[in-house]
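**Student:** start_24.csv (CSV, C-alpha atoms) pasted underneath:
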```csv
chain,number,residue,atom,x,y,z
A,145,MET,CA,175.4,117.1,45.9
A,146,SER,CA,174.8,113.9,47.8
A,147,GLN,CA,175.6,113.2,51.4
A,148,ASP,CA,177.2,109.8,52.2
A,149,ASP,CA,177.4,108.0,55.5
A,150,GLU,CA,181.2,108.4,55.4
A,151,LYS,CA,182.8,111.3,57.2
A,152,PRO,CA,183.9,113.8,54.4
A,153,ALA,CA,187.6,114.5,54.1
A,154,TYR,CA,186.9,118.2,54.6
A,155,PRO,CA,184.3,120.0,56.6
A,156,MET,CA,181.0,120.4,54.7
A,157,VAL,CA,179.9,123.8,53.2
A,158,HIS,CA,176.3,125.0,53.6
A,159,ALA,CA,175.6,127.9,51.3
A,160,ILE,CA,172.8,130.3,52.2
A,161,ILE,CA,171.4,132.8,49.6
A,162,ALA,CA,168.7,135.4,50.0
A,163,CYS,CA,166.7,136.5,46.9
A,164,ARG,CA,163.8,138.4,45.6
A,165,ASN,CA,162.7,138.8,42.0
A,166,ARG,CA,166.1,138.2,40.4
A,167,LYS,CA,165.4,134.8,38.9
A,168,GLU,CA,168.2,134.7,36.3
A,169,LEU,CA,170.8,135.9,38.8
A,170,THR,CA,169.6,133.5,41.5
A,171,VAL,CA,169.6,130.5,39.2
A,172,ARG,CA,173.0,131.3,37.8
A,173,THR,CA,174.5,131.6,41.3
A,174,VAL,CA,172.9,128.5,42.7
A,175,VAL,CA,174.1,126.4,39.8
A,176,ALA,CA,177.6,127.9,40.0
A,177,ILE,CA,178.1,127.2,43.7
A,178,ALA,CA,176.7,123.7,43.3
A,179,GLU,CA,179.2,123.0,40.6
A,180,ILE,CA,182.1,124.5,42.6
A,181,LEU,CA,181.3,122.3,45.6
A,182,ASP,CA,180.9,119.2,43.4
A,183,ARG,CA,184.3,119.9,41.8
A,184,LEU,CA,185.8,120.1,45.3
A,185,CYS,CA,184.0,116.8,46.3
A,186,THR,CA,182.8,118.8,49.2
A,187,HIS,CA,179.6,117.6,50.8
A,188,GLY,CA,177.1,120.2,51.8
A,189,SER,CA,173.8,121.9,51.1
A,190,ILE,CA,172.3,125.0,49.5
A,191,THR,CA,169.5,126.9,51.2
A,192,VAL,CA,167.7,129.7,49.3
A,193,PHE,CA,165.4,132.1,51.2
A,194,ASP,CA,163.0,133.5,48.5
A,195,ASP,CA,161.4,136.6,50.2
A,196,GLY,CA,158.2,136.8,48.2
A,197,SER,CA,159.4,136.7,44.6
A,198,THR,CA,156.7,137.1,42.0
A,199,ASP,CA,158.9,136.2,39.0
A,200,GLY,CA,159.0,132.5,39.4
A,201,THR,CA,162.4,132.4,41.2
A,202,SER,CA,161.6,129.4,43.4
A,203,ALA,CA,160.3,127.3,40.6
A,204,ALA,CA,163.2,128.1,38.4
A,205,VAL,CA,165.7,127.2,41.1
A,206,ARG,CA,163.9,124.0,41.9
A,207,THR,CA,163.9,123.0,38.2
A,208,ALA,CA,167.6,123.8,37.8
A,209,LEU,CA,168.7,122.0,41.0
A,210,PRO,CA,166.0,120.0,42.8
A,211,SER,CA,168.3,119.3,45.8
A,212,VAL,CA,168.3,122.9,46.9
A,213,ARG,CA,166.2,123.7,50.0
A,214,ILE,CA,163.9,126.6,49.3
A,215,VAL,CA,162.3,128.6,52.0
A,216,THR,CA,159.8,131.4,51.2
A,217,GLY,CA,159.0,134.6,52.9
A,218,ASP,CA,156.3,137.3,52.6
A,219,GLY,CA,158.4,140.0,51.1
A,220,ASP,CA,159.1,141.8,54.4
A,221,ASN,CA,162.2,140.0,55.5
A,222,TYR,CA,164.8,141.8,53.4
A,223,TRP,CA,168.4,140.6,53.4
A,224,ALA,CA,169.1,140.4,57.1
A,225,ALA,CA,166.1,138.4,58.2
A,226,SER,CA,166.2,136.2,55.1
A,227,MET,CA,169.8,135.3,55.7
A,228,ALA,CA,169.3,134.9,59.5
A,229,LYS,CA,166.4,132.4,58.9
A,230,ALA,CA,168.3,130.5,56.3
A,231,GLU,CA,171.3,130.4,58.6
A,232,GLN,CA,169.2,129.1,61.5
A,233,LEU,CA,167.9,126.2,59.5
A,234,VAL,CA,171.5,125.2,58.7
A,235,LEU,CA,172.5,125.5,62.4
A,236,GLU,CA,169.5,123.4,63.5
A,237,SER,CA,170.0,120.7,60.9
A,238,SER,CA,171.1,117.3,62.2
A,239,THR,CA,173.5,117.0,59.2
A,240,THR,CA,175.4,120.1,60.2
A,241,GLY,CA,178.6,119.5,62.1
A,242,GLN,CA,180.7,121.7,64.3
A,243,ARG,CA,183.6,121.5,61.8
A,244,ASP,CA,181.3,122.7,58.9
A,245,PHE,CA,181.1,126.1,57.3
A,246,ILE,CA,178.2,128.4,56.4
A,247,LEU,CA,178.8,130.3,53.1
A,248,TRP,CA,177.0,133.6,52.8
A,249,LEU,CA,176.5,134.2,49.1
A,250,ASN,CA,174.8,137.1,47.3
A,251,ASP,CA,172.8,136.1,44.2
A,252,ASP,CA,174.3,138.9,42.1
A,253,VAL,CA,177.9,137.6,42.6
A,254,GLU,CA,179.3,136.1,39.4
A,255,LEU,CA,181.7,133.6,40.8
A,256,ASP,CA,185.2,132.8,39.4
A,257,PRO,CA,185.1,129.0,39.8
A,258,VAL,CA,188.9,128.7,40.3
A,259,GLU,CA,189.2,131.5,42.9
A,260,ALA,CA,186.0,130.5,44.7
A,261,ARG,CA,187.2,126.9,45.0
A,262,LEU,CA,190.6,128.1,46.4
A,263,ALA,CA,188.9,130.4,48.9
A,264,ILE,CA,186.8,127.5,50.2
A,265,LEU,CA,189.8,125.2,50.5
A,266,CYS,CA,191.6,128.0,52.3
A,267,ALA,CA,188.8,128.5,54.8
A,268,GLN,CA,188.6,124.7,55.4
A,269,LYS,CA,192.2,124.5,56.4
A,270,ASN,CA,192.3,127.6,58.6
A,271,ASP,CA,190.5,128.9,61.7
A,272,GLY,CA,188.1,131.8,61.7
A,273,ILE,CA,186.0,133.7,59.1
A,274,LEU,CA,187.2,134.1,55.5
A,275,VAL,CA,185.9,136.9,53.3
A,276,GLY,CA,186.0,137.0,49.5
A,277,ALA,CA,186.3,140.3,47.7
A,278,THR,CA,184.4,141.1,44.5
A,279,VAL,CA,185.3,143.5,41.7
A,280,GLY,CA,183.4,145.5,39.1
A,281,ALA,CA,183.7,145.3,35.4
A,282,ASP,CA,186.5,147.8,35.5
A,283,GLY,CA,188.5,145.7,38.0
A,284,SER,CA,187.9,148.0,41.0
A,285,VAL,CA,187.0,146.4,44.3
A,286,THR,CA,183.3,146.7,45.0
A,287,TYR,CA,182.8,144.6,48.2
A,288,SER,CA,185.4,143.2,50.5
A,289,GLY,CA,186.8,143.1,54.0
A,290,LEU,CA,186.7,146.3,55.9
A,291,ILE,CA,189.1,148.1,58.3
A,292,PRO,CA,188.4,151.2,60.4
A,293,ARG,CA,189.4,154.6,59.1
A,294,PRO,CA,191.9,156.4,61.4
A,295,ARG,CA,190.3,159.0,63.7
A,296,ARG,CA,186.9,158.4,62.2
A,297,PRO,CA,184.9,156.1,64.5
A,298,LEU,CA,182.6,153.6,62.8
A,299,THR,CA,183.7,154.4,59.3
A,300,PHE,CA,185.5,151.8,57.2
A,301,SER,CA,187.6,151.4,54.2
A,302,ARG,CA,187.4,148.5,51.7
A,303,VAL,CA,190.5,146.4,51.6
A,304,THR,CA,192.0,145.5,48.2
A,305,PRO,CA,193.2,141.9,47.9
A,306,SER,CA,197.0,141.8,47.9
A,307,GLY,CA,197.7,138.2,46.8
A,308,ALA,CA,198.0,137.1,50.5
A,309,GLU,CA,195.6,136.8,53.3
A,310,GLN,CA,195.0,140.1,55.3
A,311,ARG,CA,193.4,140.6,58.6
A,312,VAL,CA,190.2,142.7,58.6
A,313,ALA,CA,187.9,144.0,61.2
A,314,THR,CA,184.6,143.4,59.5
A,315,PHE,CA,183.2,142.8,56.0
A,316,ASN,CA,180.5,143.2,53.3
A,317,GLY,CA,178.5,140.0,53.3
A,318,ASN,CA,178.6,139.1,49.6
A,319,PHE,CA,180.9,136.0,50.0
A,320,VAL,CA,181.8,135.0,53.5
A,321,LEU,CA,182.7,131.6,55.0
A,322,VAL,CA,181.8,131.3,58.7
A,323,PRO,CA,182.7,128.2,60.8
A,324,VAL,CA,179.6,126.7,62.3
A,325,HIS,CA,181.1,126.8,65.8
A,326,ASP,CA,181.8,130.5,65.4
A,327,ALA,CA,178.3,131.2,64.1
A,328,LYS,CA,176.9,129.5,67.2
A,329,LYS,CA,179.2,131.4,69.4
A,330,LEU,CA,178.2,134.8,67.9
A,331,GLY,CA,174.5,134.0,67.9
A,332,GLY,CA,174.1,134.1,64.2
A,333,ILE,CA,173.1,137.0,61.8
A,334,ASP,CA,170.9,139.6,63.5
A,335,GLY,CA,167.6,139.5,61.7
A,336,GLY,CA,166.5,142.6,63.7
A,337,PHE,CA,168.2,144.7,61.0
A,338,SER,CA,166.5,145.0,57.7
A,339,HIS,CA,168.6,145.2,54.6
A,340,GLY,CA,171.8,146.9,55.7
A,341,LEU,CA,174.4,146.9,58.5
A,342,ALA,CA,173.8,143.3,59.6
A,343,ASP,CA,177.0,142.1,57.8
A,344,ILE,CA,179.1,144.9,59.3
A,345,ASP,CA,177.6,144.3,62.7
A,346,TYR,CA,178.3,140.6,62.5
A,347,GLY,CA,182.0,141.2,61.7
A,348,LEU,CA,182.4,143.7,64.5
A,349,ARG,CA,180.8,141.2,67.0
A,350,ALA,CA,183.2,138.5,65.7
A,351,THR,CA,186.2,140.8,66.2
A,352,ARG,CA,185.0,141.7,69.7
A,353,GLU,CA,184.8,138.0,70.6
A,354,GLY,CA,188.3,137.3,69.3
A,355,VAL,CA,187.3,135.5,66.1
A,356,ARG,CA,189.9,135.8,63.4
A,357,ILE,CA,188.6,137.4,60.1
A,358,VAL,CA,190.8,137.3,57.0
A,359,LEU,CA,190.4,138.5,53.5
A,360,PHE,CA,191.2,136.0,50.8
A,361,GLY,CA,194.2,137.0,48.7
A,362,THR,CA,192.4,137.3,45.3
A,363,PRO,CA,188.9,138.4,44.3
A,364,ILE,CA,186.4,135.5,44.1
A,365,GLY,CA,184.2,137.0,41.3
A,366,GLU,CA,182.4,140.1,40.0
A,367,CYS,CA,179.6,142.0,41.6
A,368,SER,CA,178.6,145.6,40.6
A,369,ARG,CA,178.0,148.2,43.3
A,370,ASN,CA,174.4,149.1,43.8
A,371,THR,CA,173.7,152.1,41.5
A,372,VAL,CA,172.2,155.3,42.8
A,373,THR,CA,169.3,156.5,40.7
A,374,HIS,CA,168.7,160.2,40.1
A,375,GLN,CA,165.3,161.2,41.5
A,376,PRO,CA,163.8,164.2,43.3
A,377,ILE,CA,165.4,164.8,46.7
A,378,ARG,CA,162.1,164.1,48.6
A,379,CYS,CA,161.9,160.6,47.0
A,380,ALA,CA,165.6,159.9,47.5
A,381,TRP,CA,165.3,160.9,51.2
A,382,ARG,CA,162.3,158.6,51.6
A,383,ASP,CA,164.2,155.7,50.1
A,384,ALA,CA,167.3,156.4,52.2
A,385,ARG,CA,165.3,156.2,55.3
A,386,GLY,CA,163.3,153.1,54.1
A,387,PRO,CA,164.0,149.5,55.0
A,388,LYS,CA,166.8,149.1,52.4
A,389,GLY,CA,168.3,152.6,52.9
A,390,GLY,CA,171.5,153.5,54.6
A,391,LEU,CA,169.8,156.1,56.8
A,392,ASN,CA,167.0,153.8,58.1
A,393,PRO,CA,166.4,155.0,61.7
A,394,ALA,CA,165.8,151.6,63.2
A,395,ASN,CA,168.9,150.1,61.6
A,396,LEU,CA,171.1,153.0,62.7
A,397,ASP,CA,169.8,153.0,66.2
A,398,ARG,CA,170.4,149.3,66.5
A,399,PHE,CA,173.9,149.5,65.1
A,400,LEU,CA,175.0,152.6,67.1
A,401,ALA,CA,173.6,151.3,70.4
A,402,ARG,CA,175.7,148.2,69.9
A,403,HIS,CA,179.0,149.6,68.6
A,404,ALA,CA,179.2,153.3,69.5
A,405,GLU,CA,179.8,155.3,72.7
A,406,ARG,CA,177.0,157.6,73.7
A,407,TYR,CA,178.8,160.7,72.3
A,408,THR,CA,179.5,158.9,69.0
A,409,GLN,CA,175.8,157.8,68.8
A,410,ARG,CA,174.7,161.4,69.1
A,411,TYR,CA,177.3,162.6,66.6
A,412,TRP,CA,176.4,160.0,63.9
A,413,LYS,CA,172.7,160.5,64.2
A,414,PHE,CA,173.3,164.1,63.2
A,415,ALA,CA,176.3,163.7,60.9
A,416,LEU,CA,175.0,160.9,58.6
A,417,PRO,CA,171.8,162.7,57.5
A,418,ALA,CA,173.7,166.0,57.2
A,419,SER,CA,176.3,164.4,55.0
A,420,TRP,CA,173.7,162.8,52.9
A,421,LEU,CA,171.8,166.1,52.4
A,422,ALA,CA,175.0,168.0,51.6
A,423,LYS,CA,176.0,165.5,48.9
A,424,ARG,CA,172.5,165.7,47.4
A,425,LEU,CA,172.2,169.4,47.5
A,426,ALA,CA,175.7,170.3,46.3
A,427,PRO,CA,175.1,169.7,42.6
A,428,ALA,CA,172.0,171.9,42.7
A,429,PHE,CA,174.0,174.8,44.2
A,430,THR,CA,176.9,174.2,41.8
A,431,ARG,CA,174.6,174.6,38.8
A,432,ARG,CA,173.4,178.1,39.9
```
Once more with this new file: its structure as structure tokens, please.

**Tutor:**
Amino acid sequence: MSQDDEKPAYPMVHAIIACRNRKELTVRTVVAIAEILDRLCTHGSITVFDDGSTDGTSAAVRTALPSVRIVTGDGDNYWAASMAKAEQLVLESSTTGQRDFILWLNDDVELDPVEARLAILCAQKNDGILVGATVGADGSVTYSGLIPRPRRPLTFSRVTPSGAEQRVATFNGNFVLVPVHDAKKLGGIDGGFSHGLADIDYGLRATREGVRIVLFGTPIGECSRNTVTHQPIRCAWRDARGPKGGLNPANLDRFLARHAERYTQRYWKFALPASWLAKRLAPAFTRR
């Protein structure tokens, strides 16, 4: 993708991708989004934050598409800090305009070229954040926009695309188009999280600030849910509380302090681990 001196007809799109040791997936996604933007004649950039890959990801991406900007980490950034640093580079670039968009893109999303192009065009013609849903091989929604569950604070339901745009409260960060002026207003992705909750936090902050968030009417591609491996409960508990786990104490404390009342914070700090343990222990008691 080249950048001319002329002002583009549409705002530019700057894709940011975090990766680690998924060379084939990363290359596939980088090439796919580059082709989509070229087909749209949309000027922009692609920034890949490679967080310490040892499988040759950076070299493979550079070979496939030399114009991609590659930034490397030490392996301790995880998704949130990787995306936050890539985003900051885009926001600080002299070629990034206030009318431009930042595209969050996971490297395991297999894009549908037609739907992804339509989603980008839709975002460029509207205000606010646009979210693209993904589906699994069976057609079920895997990642999407999220809405609160009634009478259950800080729990969310994935929204199924309906063919038309739908307002949502927050989102999974697999395919998200954020206007640059909104990204600056919100202060960017919070790299203080590790792997999880940073995307939901971002959406909730956007909603609080009055930024419109809509789900695109059709899925933009496929992306499987992360599979849960069967392992001894002690190991599973350790992983759940690790940097990439859903029960990571630092992530939960950061999220709850920002989005929950004091009573709700105390409730979830007990309820989430208890629910996790109950689900893990239930099969063992059932077999007795």

**Student:** Select, from A:Leu348, A:Leu416, A:Val320, A:Leu209, the residue with the minimum atom-to-atom distance to Thr170 (chain A), counting only C-alpha atoms.

**Tutor:**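 The shortest atom-to-atom distance to Thr170 (chain A) comes from A:Leu209.
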
**Student:** Report, in Å to a single decimal, how far apart CA of Gly289 (chain A) and CA of Arg302 (chain A) are.

**Tutor:** 5.9 Å

**Student:** Could you tell me which of A:Thr362, A:Ser419, A:Thr207, A:Ser237 comes closest to Val275 (chain A) if we count all atoms listed in the file?

**Tutor:**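 For Val275 (chain A), the nearest of the given residues is A:Thr362.
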
**Student:** What gap, in Å, lies between CA of Ala380 (chain A) and CA of Leu421 (chain A)?

**Tutor:**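 Spanning CA of Ala380 (chain A) to CA of Leu421 (chain A) is a straight-line distance of 10.0 Å.
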
**Student:** Closest to Ala415 (chain A) among A:Arg172, A:Lys229, A:Arg213, A:Arg296, using only C-alpha atoms?

**Tutor:**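 Residue with the minimum atom-to-atom distance to Ala415 (chain A): A:Arg296.
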